[in-house]
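protein-v1.cif follows (mmCIF, N, CA, C and O atoms):
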data_query
loop_
_atom_site.label_atom_id
_atom_site.label_comp_id
_atom_site.auth_asym_id
_atom_site.auth_seq_id
_atom_site.Cartn_x
_atom_site.Cartn_y
_atom_site.Cartn_z
N MET A 905 0.84 -1.17 0.00
CA MET A 905 0.00 0.00 0.00
C MET A 905 0.89 1.24 0.00
O MET A 905 1.77 1.38 0.82
N VAL A 906 0.65 2.15 -0.91
CA VAL A 906 1.44 3.37 -1.02
C VAL A 906 1.06 4.34 0.07
O VAL A 906 -0.12 4.57 0.34
N GLY A 907 2.06 4.89 0.73
CA GLY A 907 1.81 5.89 1.75
C GLY A 907 1.41 5.33 3.11
O GLY A 907 1.11 6.09 4.02
N ALA A 908 1.39 4.03 3.26
CA ALA A 908 1.01 3.44 4.54
C ALA A 908 2.17 3.54 5.52
O ALA A 908 3.33 3.47 5.14
N SER A 909 1.83 3.72 6.77
CA SER A 909 2.86 3.77 7.81
C SER A 909 2.34 3.04 9.03
O SER A 909 1.13 2.86 9.20
N PRO A 910 3.23 2.59 9.90
CA PRO A 910 2.80 1.87 11.09
C PRO A 910 1.88 2.74 11.95
O PRO A 910 2.03 3.96 12.01
N ALA A 911 0.95 2.11 12.60
CA ALA A 911 0.01 2.83 13.46
C ALA A 911 -0.27 2.02 14.71
O ALA A 911 -0.15 0.81 14.72
N SER A 912 -0.61 2.72 15.76
CA SER A 912 -1.03 2.08 17.01
C SER A 912 -2.49 2.42 17.23
O SER A 912 -2.91 3.55 17.01
N LEU A 913 -3.24 1.44 17.67
CA LEU A 913 -4.65 1.64 17.92
C LEU A 913 -4.98 1.28 19.36
O LEU A 913 -4.37 0.38 19.94
N VAL A 914 -5.95 1.96 19.91
CA VAL A 914 -6.44 1.68 21.24
C VAL A 914 -7.95 1.63 21.16
O VAL A 914 -8.58 2.50 20.56
N VAL A 915 -8.54 0.62 21.75
CA VAL A 915 -9.99 0.51 21.79
C VAL A 915 -10.49 1.27 23.01
O VAL A 915 -10.12 0.96 24.14
N LEU A 916 -11.31 2.28 22.76
CA LEU A 916 -11.87 3.07 23.85
C LEU A 916 -13.32 2.63 24.07
O LEU A 916 -14.25 3.22 23.56
N ASP A 917 -13.48 1.57 24.85
CA ASP A 917 -14.81 1.02 25.10
C ASP A 917 -15.35 1.53 26.43
O ASP A 917 -14.78 2.41 27.06
N ARG A 918 -16.46 0.96 26.86
CA ARG A 918 -17.09 1.39 28.11
C ARG A 918 -16.20 1.18 29.33
O ARG A 918 -16.22 1.97 30.27
N GLY A 919 -15.40 0.12 29.29
CA GLY A 919 -14.49 -0.12 30.41
C GLY A 919 -13.47 1.00 30.55
O GLY A 919 -13.19 1.46 31.66
N VAL A 920 -12.93 1.44 29.43
CA VAL A 920 -11.97 2.54 29.46
C VAL A 920 -12.67 3.82 29.92
O VAL A 920 -12.12 4.58 30.73
N ALA A 921 -13.87 4.04 29.43
CA ALA A 921 -14.62 5.24 29.83
C ALA A 921 -14.85 5.24 31.34
O ALA A 921 -14.73 6.29 32.00
N ALA A 922 -15.16 4.10 31.91
CA ALA A 922 -15.37 4.01 33.36
C ALA A 922 -14.09 4.33 34.11
O ALA A 922 -14.11 5.03 35.13
N GLU A 923 -12.96 3.82 33.61
CA GLU A 923 -11.66 4.10 34.25
C GLU A 923 -11.31 5.59 34.14
O GLU A 923 -10.74 6.16 35.06
N LEU A 924 -11.64 6.19 32.98
CA LEU A 924 -11.30 7.60 32.78
C LEU A 924 -12.17 8.55 33.59
O LEU A 924 -11.88 9.75 33.66
N ALA A 925 -13.22 8.04 34.19
CA ALA A 925 -14.08 8.89 35.02
C ALA A 925 -13.28 9.53 36.15
O ALA A 925 -13.62 10.62 36.61
N ALA A 926 -12.20 8.89 36.55
CA ALA A 926 -11.35 9.45 37.61
C ALA A 926 -10.54 10.65 37.13
O ALA A 926 -10.02 11.41 37.94
N TRP A 927 -10.42 10.81 35.79
CA TRP A 927 -9.65 11.91 35.19
C TRP A 927 -10.52 12.64 34.18
O TRP A 927 -10.38 12.45 32.96
N PRO A 928 -11.39 13.52 34.62
CA PRO A 928 -12.31 14.19 33.70
C PRO A 928 -11.61 15.04 32.64
O PRO A 928 -12.13 15.20 31.54
N GLU A 929 -10.42 15.55 32.93
CA GLU A 929 -9.72 16.36 31.93
C GLU A 929 -9.28 15.52 30.73
O GLU A 929 -9.27 16.00 29.60
N ILE A 930 -8.96 14.24 30.95
CA ILE A 930 -8.61 13.36 29.84
C ILE A 930 -9.85 13.07 29.00
O ILE A 930 -9.80 13.12 27.77
N MET A 931 -10.96 12.79 29.66
CA MET A 931 -12.21 12.53 28.94
C MET A 931 -12.62 13.77 28.14
O MET A 931 -13.06 13.66 26.99
N ALA A 932 -12.47 14.94 28.71
CA ALA A 932 -12.82 16.18 28.02
C ALA A 932 -11.94 16.37 26.78
O ALA A 932 -12.42 16.77 25.72
N SER A 933 -10.66 16.06 26.93
CA SER A 933 -9.74 16.16 25.80
C SER A 933 -10.12 15.20 24.68
O SER A 933 -10.10 15.56 23.50
N LEU A 934 -10.46 13.97 25.04
CA LEU A 934 -10.89 13.00 24.03
C LEU A 934 -12.17 13.45 23.32
O LEU A 934 -12.29 13.32 22.11
N LEU A 935 -13.10 13.99 24.07
CA LEU A 935 -14.34 14.47 23.47
C LEU A 935 -14.09 15.67 22.56
O LEU A 935 -14.71 15.80 21.51
N ASP A 936 -13.16 16.55 22.95
CA ASP A 936 -12.79 17.68 22.09
C ASP A 936 -12.22 17.19 20.77
O ASP A 936 -12.57 17.69 19.70
N ARG A 937 -11.34 16.19 20.84
CA ARG A 937 -10.74 15.65 19.62
C ARG A 937 -11.78 14.98 18.74
O ARG A 937 -11.76 15.08 17.52
N LEU A 938 -12.73 14.29 19.36
CA LEU A 938 -13.80 13.64 18.62
C LEU A 938 -14.67 14.69 17.91
O LEU A 938 -15.03 14.52 16.74
N THR A 939 -14.96 15.77 18.60
CA THR A 939 -15.74 16.85 18.00
C THR A 939 -15.00 17.48 16.83
O THR A 939 -15.58 17.72 15.77
N GLU A 940 -13.71 17.74 17.01
CA GLU A 940 -12.90 18.32 15.93
C GLU A 940 -12.87 17.39 14.72
O GLU A 940 -12.96 17.84 13.58
N ARG A 941 -12.75 16.10 14.98
CA ARG A 941 -12.72 15.11 13.89
C ARG A 941 -14.04 15.12 13.12
O ARG A 941 -14.05 15.09 11.89
N SER A 942 -15.15 15.17 13.83
CA SER A 942 -16.44 15.17 13.15
C SER A 942 -16.62 16.46 12.34
O SER A 942 -17.20 16.43 11.24
N GLU A 943 -16.11 17.58 12.83
CA GLU A 943 -16.17 18.83 12.08
C GLU A 943 -15.34 18.75 10.81
O GLU A 943 -15.76 19.19 9.74
N ARG A 944 -14.14 18.15 10.90
CA ARG A 944 -13.29 18.00 9.71
C ARG A 944 -13.95 17.09 8.69
O ARG A 944 -13.88 17.34 7.48
N LEU A 945 -14.58 16.02 9.15
CA LEU A 945 -15.29 15.12 8.23
C LEU A 945 -16.43 15.84 7.54
O LEU A 945 -16.66 15.66 6.33
N ALA A 946 -17.16 16.68 8.27
CA ALA A 946 -18.26 17.44 7.67
C ALA A 946 -17.73 18.42 6.63
O ALA A 946 -18.32 18.58 5.55
N ILE A 947 -16.61 19.06 6.91
CA ILE A 947 -16.00 19.99 5.95
C ILE A 947 -15.56 19.25 4.71
O ILE A 947 -15.82 19.69 3.58
N THR A 948 -14.91 18.11 4.88
CA THR A 948 -14.45 17.32 3.74
C THR A 948 -15.63 16.86 2.90
O THR A 948 -15.58 16.90 1.66
N GLN A 949 -16.70 16.45 3.53
CA GLN A 949 -17.89 16.04 2.79
C GLN A 949 -18.49 17.22 2.04
O GLN A 949 -18.90 17.09 0.88
N ALA A 950 -18.54 18.38 2.67
CA ALA A 950 -19.07 19.57 2.00
C ALA A 950 -18.20 19.95 0.80
O ALA A 950 -18.73 20.32 -0.26
N ILE A 951 -16.88 19.83 0.94
CA ILE A 951 -15.97 20.15 -0.17
C ILE A 951 -16.26 19.24 -1.35
O ILE A 951 -16.30 19.69 -2.50
N SER A 952 -16.49 17.97 -1.10
CA SER A 952 -16.72 17.03 -2.21
C SER A 952 -18.03 17.30 -2.92
O SER A 952 -18.24 16.81 -4.03
N GLN A 953 -18.91 18.09 -2.34
CA GLN A 953 -20.20 18.42 -2.97
C GLN A 953 -20.15 19.70 -3.80
O GLN A 953 -21.10 20.01 -4.50
N LEU A 954 -19.06 20.45 -3.73
CA LEU A 954 -18.95 21.68 -4.51
C LEU A 954 -18.87 21.36 -5.99
O LEU A 954 -18.34 20.33 -6.39
N THR A 955 -19.38 22.28 -6.81
CA THR A 955 -19.29 22.09 -8.26
C THR A 955 -17.94 22.61 -8.75
O THR A 955 -17.46 23.65 -8.30
N GLY A 956 -17.34 21.89 -9.66
CA GLY A 956 -16.05 22.28 -10.23
C GLY A 956 -14.88 21.79 -9.39
O GLY A 956 -14.77 22.14 -8.22
N VAL A 957 -14.05 20.98 -10.01
CA VAL A 957 -12.90 20.41 -9.28
C VAL A 957 -11.94 21.50 -8.84
O VAL A 957 -11.41 21.43 -7.73
N ASP A 958 -11.73 22.52 -9.67
CA ASP A 958 -10.81 23.59 -9.27
C ASP A 958 -11.32 24.30 -8.02
O ASP A 958 -10.56 24.66 -7.13
N ARG A 959 -12.63 24.45 -7.90
CA ARG A 959 -13.23 25.06 -6.70
C ARG A 959 -13.06 24.15 -5.49
O ARG A 959 -12.75 24.60 -4.39
N ARG A 960 -13.25 22.85 -5.69
CA ARG A 960 -13.05 21.89 -4.60
C ARG A 960 -11.60 21.91 -4.12
O ARG A 960 -11.33 21.87 -2.92
N LEU A 961 -10.67 21.95 -5.08
CA LEU A 961 -9.25 21.96 -4.72
C LEU A 961 -8.89 23.21 -3.92
O LEU A 961 -8.21 23.13 -2.89
N LEU A 962 -9.36 24.36 -4.39
CA LEU A 962 -9.06 25.60 -3.68
C LEU A 962 -9.60 25.55 -2.25
O LEU A 962 -8.90 25.91 -1.29
N THR A 963 -10.82 25.08 -2.10
CA THR A 963 -11.42 24.98 -0.76
C THR A 963 -10.66 23.99 0.10
O THR A 963 -10.42 24.24 1.29
N LEU A 964 -10.26 22.86 -0.49
CA LEU A 964 -9.46 21.88 0.26
C LEU A 964 -8.14 22.49 0.70
O LEU A 964 -7.72 22.31 1.85
N PHE A 965 -7.48 23.24 -0.18
CA PHE A 965 -6.20 23.85 0.18
C PHE A 965 -6.38 24.86 1.32
O PHE A 965 -5.54 24.95 2.22
N TRP A 966 -7.47 25.61 1.31
CA TRP A 966 -7.74 26.53 2.42
C TRP A 966 -7.92 25.75 3.70
O TRP A 966 -7.42 26.13 4.76
N HIS A 967 -8.65 24.66 3.62
CA HIS A 967 -8.88 23.81 4.80
C HIS A 967 -7.56 23.24 5.33
O HIS A 967 -7.30 23.28 6.53
N LEU A 968 -6.73 22.71 4.43
CA LEU A 968 -5.44 22.16 4.84
C LEU A 968 -4.53 23.24 5.40
O LEU A 968 -3.80 23.01 6.37
N ALA A 969 -4.55 24.43 4.79
CA ALA A 969 -3.72 25.53 5.27
C ALA A 969 -4.13 25.97 6.68
O ALA A 969 -3.28 26.28 7.52
N GLU A 970 -5.43 25.95 6.93
CA GLU A 970 -5.91 26.32 8.26
C GLU A 970 -5.42 25.33 9.31
O GLU A 970 -5.08 25.70 10.43
N ARG A 971 -5.36 24.07 8.92
CA ARG A 971 -4.99 23.02 9.89
C ARG A 971 -3.48 22.87 10.02
O ARG A 971 -2.96 22.77 11.12
N TRP A 972 -2.75 22.80 8.89
CA TRP A 972 -1.32 22.51 8.93
C TRP A 972 -0.43 23.60 8.33
O TRP A 972 0.79 23.46 8.32
N GLY A 973 -1.00 24.64 7.80
CA GLY A 973 -0.22 25.65 7.10
C GLY A 973 0.68 26.47 7.99
O GLY A 973 0.39 26.70 9.17
N ARG A 974 1.78 26.90 7.40
CA ARG A 974 2.74 27.79 8.07
C ARG A 974 2.97 28.98 7.15
O ARG A 974 3.17 28.82 5.95
N VAL A 975 2.94 30.17 7.72
CA VAL A 975 3.14 31.37 6.92
C VAL A 975 4.61 31.50 6.57
O VAL A 975 5.48 31.44 7.44
N GLY A 976 4.87 31.64 5.28
CA GLY A 976 6.23 31.82 4.79
C GLY A 976 6.31 33.10 3.98
O GLY A 976 5.34 33.84 3.85
N THR A 977 7.46 33.35 3.39
CA THR A 977 7.65 34.58 2.60
C THR A 977 6.82 34.57 1.32
O THR A 977 6.45 35.63 0.82
N ASP A 978 6.51 33.39 0.79
CA ASP A 978 5.72 33.29 -0.44
C ASP A 978 4.25 33.00 -0.18
O ASP A 978 3.51 32.65 -1.10
N GLY A 979 3.83 33.07 1.05
CA GLY A 979 2.44 32.77 1.39
C GLY A 979 2.38 31.64 2.40
O GLY A 979 3.35 31.34 3.09
N VAL A 980 1.25 30.97 2.43
CA VAL A 980 1.06 29.87 3.37
C VAL A 980 1.55 28.57 2.73
O VAL A 980 1.19 28.25 1.60
N VAL A 981 2.39 27.85 3.45
CA VAL A 981 2.95 26.59 2.97
C VAL A 981 2.31 25.46 3.78
O VAL A 981 2.28 25.50 5.00
N VAL A 982 1.80 24.47 3.05
CA VAL A 982 1.24 23.28 3.70
C VAL A 982 2.27 22.17 3.55
O VAL A 982 2.52 21.71 2.44
N PRO A 983 2.90 21.75 4.65
CA PRO A 983 3.99 20.77 4.56
C PRO A 983 3.51 19.33 4.39
O PRO A 983 3.86 18.45 5.14
N LEU A 984 2.67 19.11 3.40
CA LEU A 984 2.16 17.77 3.12
C LEU A 984 2.53 17.40 1.69
O LEU A 984 2.41 18.22 0.78
N ALA A 985 2.96 16.18 1.50
CA ALA A 985 3.27 15.68 0.16
C ALA A 985 2.04 14.96 -0.37
O ALA A 985 1.81 13.79 -0.06
N LEU A 986 1.23 15.67 -1.13
CA LEU A 986 -0.01 15.10 -1.67
C LEU A 986 0.10 14.95 -3.18
O LEU A 986 0.37 15.92 -3.88
N THR A 987 -0.11 13.76 -3.66
CA THR A 987 -0.12 13.54 -5.10
C THR A 987 -1.48 13.94 -5.66
O THR A 987 -2.45 14.13 -4.91
N HIS A 988 -1.55 14.06 -6.98
CA HIS A 988 -2.84 14.38 -7.60
C HIS A 988 -3.85 13.27 -7.34
O HIS A 988 -5.04 13.54 -7.20
N ARG A 989 -3.38 12.07 -7.24
CA ARG A 989 -4.28 10.95 -6.92
C ARG A 989 -4.88 11.10 -5.52
O ARG A 989 -6.06 10.91 -5.31
N MET A 990 -4.02 11.45 -4.54
CA MET A 990 -4.50 11.66 -3.17
C MET A 990 -5.48 12.83 -3.11
O MET A 990 -6.51 12.75 -2.44
N LEU A 991 -5.14 13.91 -3.82
CA LEU A 991 -6.04 15.06 -3.85
C LEU A 991 -7.39 14.66 -4.45
O LEU A 991 -8.44 15.09 -3.97
N GLY A 992 -7.35 13.82 -5.47
CA GLY A 992 -8.59 13.34 -6.08
C GLY A 992 -9.45 12.58 -5.08
O GLY A 992 -10.67 12.75 -5.03
N GLN A 993 -8.81 11.76 -4.27
CA GLN A 993 -9.56 11.03 -3.25
C GLN A 993 -10.18 11.98 -2.22
O GLN A 993 -11.28 11.75 -1.74
N LEU A 994 -9.48 13.05 -1.91
CA LEU A 994 -9.98 14.00 -0.92
C LEU A 994 -11.13 14.86 -1.44
O LEU A 994 -11.98 15.29 -0.66
N VAL A 995 -11.13 15.14 -2.75
CA VAL A 995 -12.18 16.01 -3.30
C VAL A 995 -13.21 15.25 -4.11
O VAL A 995 -14.13 15.85 -4.66
N GLY A 996 -13.08 13.95 -4.21
CA GLY A 996 -14.07 13.15 -4.94
C GLY A 996 -13.94 13.27 -6.44
O GLY A 996 -14.93 13.49 -7.14
N ALA A 997 -12.70 13.17 -6.95
CA ALA A 997 -12.46 13.26 -8.39
C ALA A 997 -11.35 12.29 -8.78
O ALA A 997 -10.63 11.78 -7.93
N ARG A 998 -11.23 12.05 -10.07
CA ARG A 998 -10.14 11.19 -10.57
C ARG A 998 -8.89 12.01 -10.82
O ARG A 998 -8.95 13.22 -11.01
N ARG A 999 -7.76 11.32 -10.85
CA ARG A 999 -6.47 11.99 -11.00
C ARG A 999 -6.38 12.90 -12.23
O ARG A 999 -5.95 14.05 -12.12
N PRO A 1000 -6.81 12.47 -13.42
CA PRO A 1000 -6.70 13.38 -14.57
C PRO A 1000 -7.52 14.66 -14.39
O PRO A 1000 -7.09 15.74 -14.79
N THR A 1001 -8.66 14.54 -13.76
CA THR A 1001 -9.51 15.71 -13.52
C THR A 1001 -8.84 16.66 -12.53
O THR A 1001 -8.91 17.88 -12.68
N VAL A 1002 -8.17 16.09 -11.54
CA VAL A 1002 -7.44 16.91 -10.57
C VAL A 1002 -6.31 17.65 -11.27
O VAL A 1002 -6.10 18.85 -11.04
N SER A 1003 -5.58 16.97 -12.13
CA SER A 1003 -4.48 17.61 -12.87
C SER A 1003 -5.01 18.77 -13.70
O SER A 1003 -4.42 19.85 -13.73
N SER A 1004 -6.15 18.57 -14.37
CA SER A 1004 -6.76 19.65 -15.16
C SER A 1004 -7.20 20.79 -14.25
O SER A 1004 -7.02 21.97 -14.59
N GLY A 1005 -7.78 20.45 -13.12
CA GLY A 1005 -8.21 21.47 -12.16
C GLY A 1005 -7.04 22.27 -11.61
O GLY A 1005 -7.15 23.48 -11.41
N MET A 1006 -5.93 21.61 -11.38
CA MET A 1006 -4.74 22.29 -10.89
C MET A 1006 -4.20 23.26 -11.94
O MET A 1006 -3.82 24.39 -11.63
N ARG A 1007 -4.22 22.83 -13.21
CA ARG A 1007 -3.77 23.72 -14.29
C ARG A 1007 -4.69 24.94 -14.38
O ARG A 1007 -4.22 26.07 -14.52
N ALA A 1008 -5.99 24.72 -14.29
CA ALA A 1008 -6.95 25.84 -14.34
C ALA A 1008 -6.74 26.78 -13.16
O ALA A 1008 -6.79 28.01 -13.31
N ARG A 1009 -6.48 26.23 -11.99
CA ARG A 1009 -6.26 27.04 -10.80
C ARG A 1009 -5.00 27.88 -10.96
O ARG A 1009 -4.97 29.06 -10.62
N ARG A 1010 -3.91 27.28 -11.48
CA ARG A 1010 -2.67 28.03 -11.70
C ARG A 1010 -2.87 29.14 -12.72
O ARG A 1010 -2.34 30.23 -12.56
N ALA A 1011 -3.61 28.85 -13.78
CA ALA A 1011 -3.87 29.86 -14.81
C ALA A 1011 -4.65 31.04 -14.22
O ALA A 1011 -4.35 32.20 -14.53
N ARG A 1012 -5.62 30.76 -13.37
CA ARG A 1012 -6.39 31.84 -12.73
C ARG A 1012 -5.51 32.65 -11.78
O ARG A 1012 -5.67 33.85 -11.64
N ALA A 1013 -4.59 31.99 -11.10
CA ALA A 1013 -3.72 32.67 -10.14
C ALA A 1013 -2.76 33.62 -10.86
O ALA A 1013 -2.37 34.66 -10.29
N ARG A 1014 -2.40 33.32 -12.09
CA ARG A 1014 -1.46 34.17 -12.84
C ARG A 1014 -2.13 35.44 -13.36
O ARG A 1014 -1.45 36.41 -13.64
N THR A 1015 -3.44 35.40 -13.55
CA THR A 1015 -4.12 36.57 -14.13
C THR A 1015 -4.64 37.49 -13.09
O THR A 1015 -4.66 37.29 -11.95
#

Rendering of file as structure tokens:
Amino acid sequence: MVGASPASLVVLDRGVAAELAAWPEIMASLLDRLTERSERLAITQAISQLTGVDRRLLTLFWHLAERWGRVGTDGVVVPLALTHRMLGQLVGARRPTVSSGMRARRARART
């Protein structure tokens, strides 16, 4: 699998929730992360519903910049290595369409 990396998983079941009752700040932190995750999923779903791949890409880049972007001398830099195929999966399009959308976006940025 391309881009796969090792991961660790923890099952957070009712038993864990009962144990965490002794540490409400940990439970609050987990709930905050869960809420943030659901908001990101809703944004990603909304992006995939926009008309025009170039519009979806621009909106996705704004979303990624808000989350991981760093301000540099040339603007906001998102330190992620995303292929056109990956971008297609994120915006609900095929790779050739993403490549065309990227070209259209660059052409608009130049004018």

Could you tell me which residues the PyMOL selection byres (((chain A and resi 991 and name CA) around 12) and name CA) grabs in this file, written as a PyMOL selection string?
chain A and resi 948+951-952+957-958+960-965+968+984-990+992-1003+1005-1006

Can you check which residues of segment 920-1013 of chain A DSSP gives as helix (DSSP H, G or I) on the backbone and send them as a count of residues only?
69

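Interatomic distance, atom N of Val981 of chain A to atom CA of Ala969 of chain A: 6.8 Å.
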
So how many Å separate atom C of Gly973 of chain A and atom CA of Arg1009 of chain A, to one decimal?
20.0 Å

Please, which residues of chain A, numbered as in this document, come out strand (DSSP E or B) from DSSP, as a PDB file with N, CA, C and O atoms, keeping the file's coordinate frame?
ATOM      1  N   ARG A 974       1.780  26.900   7.400  1.00  0.00           N
ATOM      2  CA  ARG A 974       2.740  27.790   8.070  1.00  0.00           C
ATOM      3  C   ARG A 974       2.970  28.980   7.150  1.00  0.00           C
ATOM      4  O   ARG A 974       3.170  28.820   5.950  1.00  0.00           O
ATOM      5  N   VAL A 975       2.940  30.170   7.720  1.00  0.00           N
ATOM      6  CA  VAL A 975       3.140  31.370   6.920  1.00  0.00           C
ATOM      7  C   VAL A 975       4.610  31.500   6.570  1.00  0.00           C
ATOM      8  O   VAL A 975       5.480  31.440   7.440  1.00  0.00           O
ATOM      9  N   GLY A 976       4.870  31.640   5.280  1.00  0.00           N
ATOM     10  CA  GLY A 976       6.230  31.820   4.790  1.00  0.00           C
ATOM     11  C   GLY A 976       6.310  33.100   3.980  1.00  0.00           C
ATOM     12  O   GLY A 976       5.340  33.840   3.850  1.00  0.00           O
ATOM     13  N   GLY A 979       3.830  33.070   1.050  1.00  0.00           N
ATOM     14  CA  GLY A 979       2.440  32.770   1.390  1.00  0.00           C
ATOM     15  C   GLY A 979       2.380  31.640   2.400  1.00  0.00           C
ATOM     16  O   GLY A 979       3.350  31.340   3.090  1.00  0.00           O
ATOM     17  N   VAL A 980       1.250  30.970   2.430  1.00  0.00           N
ATOM     18  CA  VAL A 980       1.060  29.870   3.370  1.00  0.00           C
ATOM     19  C   VAL A 980       1.550  28.570   2.730  1.00  0.00           C
ATOM     20  O   VAL A 980       1.190  28.250   1.600  1.00  0.00           O
ATOM     21  N   VAL A 981       2.390  27.850   3.450  1.00  0.00           N
ATOM     22  CA  VAL A 981       2.950  26.590   2.970  1.00  0.00           C
ATOM     23  C   VAL A 981       2.310  25.460   3.780  1.00  0.00           C
ATOM     24  O   VAL A 981       2.280  25.500   5.000  1.00  0.00           O
TER      25      VAL A 981
END

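From atom CA of Ala926 of chain A back to atom CA of Arg941 of chain A, the distance works out to 24.4 Å.
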
Given the choices A:Val920, A:Pro983, A:Ser909, A:Ala925, which gets closest to Arg971 of chain A if the distance is worked out from only C-alpha atoms?
A:Pro983

Taking all heavy atoms as the atom set, what does segment 1007-1014 of chain A look like once completed, written as a CSV table (one decimal), keeping the file's coordinate frame?
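And here's selection-v4.csv as it stands now:
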chain,number,residue,atom,x,y,z
A,1007,ARG,N,-4.2,22.8,-13.2
A,1007,ARG,CA,-3.8,23.7,-14.3
A,1007,ARG,C,-4.7,24.9,-14.4
A,1007,ARG,O,-4.2,26.1,-14.5
A,1007,ARG,CB,-3.8,23.0,-15.6
A,1007,ARG,CG,-2.5,22.1,-15.8
A,1007,ARG,CD,-2.4,21.6,-17.3
A,1007,ARG,NE,-3.5,20.7,-17.7
A,1007,ARG,CZ,-3.5,19.4,-17.4
A,1007,ARG,NH1,-2.5,18.9,-16.8
A,1007,ARG,NH2,-4.5,18.7,-17.8
A,1008,ALA,N,-6.0,24.7,-14.3
A,1008,ALA,CA,-7.0,25.8,-14.3
A,1008,ALA,C,-6.7,26.8,-13.2
A,1008,ALA,O,-6.8,28.0,-13.3
A,1008,ALA,CB,-8.4,25.3,-14.3
A,1009,ARG,N,-6.5,26.2,-12.0
A,1009,ARG,CA,-6.3,27.0,-10.8
A,1009,ARG,C,-5.0,27.9,-11.0
A,1009,ARG,O,-5.0,29.1,-10.6
A,1009,ARG,CB,-6.2,26.1,-9.6
A,1009,ARG,CG,-6.0,26.7,-8.3
A,1009,ARG,CD,-7.0,27.7,-7.8
A,1009,ARG,NE,-8.4,27.4,-8.0
A,1009,ARG,CZ,-9.3,28.3,-8.0
A,1009,ARG,NH1,-9.0,29.6,-7.9
A,1009,ARG,NH2,-10.6,28.0,-8.2
A,1010,ARG,N,-3.9,27.3,-11.5
A,1010,ARG,CA,-2.7,28.0,-11.7
A,1010,ARG,C,-2.9,29.1,-12.7
A,1010,ARG,O,-2.3,30.2,-12.6
A,1010,ARG,CB,-1.6,27.1,-12.2
A,1010,ARG,CG,-0.9,26.3,-11.1
A,1010,ARG,CD,0.4,25.6,-11.5
A,1010,ARG,NE,0.5,24.4,-10.8
A,1010,ARG,CZ,0.4,23.2,-11.2
A,1010,ARG,NH1,0.1,22.9,-12.4
A,1010,ARG,NH2,0.5,22.2,-10.4
A,1011,ALA,N,-3.6,28.8,-13.8
A,1011,ALA,CA,-3.9,29.9,-14.8
A,1011,ALA,C,-4.6,31.0,-14.2
A,1011,ALA,O,-4.4,32.2,-14.5
A,1011,ALA,CB,-4.7,29.2,-16.0
A,1012,ARG,N,-5.6,30.8,-13.4
A,1012,ARG,CA,-6.4,31.8,-12.7
A,1012,ARG,C,-5.5,32.6,-11.8
A,1012,ARG,O,-5.7,33.8,-11.6
A,1012,ARG,CB,-7.6,31.3,-12.0
A,1012,ARG,CG,-8.7,30.9,-12.8
A,1012,ARG,CD,-10.0,30.7,-12.0
A,1012,ARG,NE,-11.0,30.2,-12.9
A,1012,ARG,CZ,-11.6,29.0,-12.8
A,1012,ARG,NH1,-11.2,28.2,-11.8
A,1012,ARG,NH2,-12.5,28.6,-13.6
A,1013,ALA,N,-4.6,32.0,-11.1
A,1013,ALA,CA,-3.7,32.7,-10.1
A,1013,ALA,C,-2.8,33.6,-10.9
A,1013,ALA,O,-2.4,34.7,-10.3
A,1013,ALA,CB,-2.9,31.7,-9.3
A,1014,ARG,N,-2.4,33.3,-12.1
A,1014,ARG,CA,-1.5,34.2,-12.8
A,1014,ARG,C,-2.1,35.4,-13.4
A,1014,ARG,O,-1.4,36.4,-13.6
A,1014,ARG,CB,-0.9,33.4,-14.0
A,1014,ARG,CG,0.1,32.3,-13.6
A,1014,ARG,CD,0.8,31.7,-14.8
A,1014,ARG,NE,1.4,30.5,-14.3
A,1014,ARG,CZ,1.3,29.3,-14.9
A,1014,ARG,NH1,0.6,29.2,-16.0
A,1014,ARG,NH2,2.0,28.2,-14.5
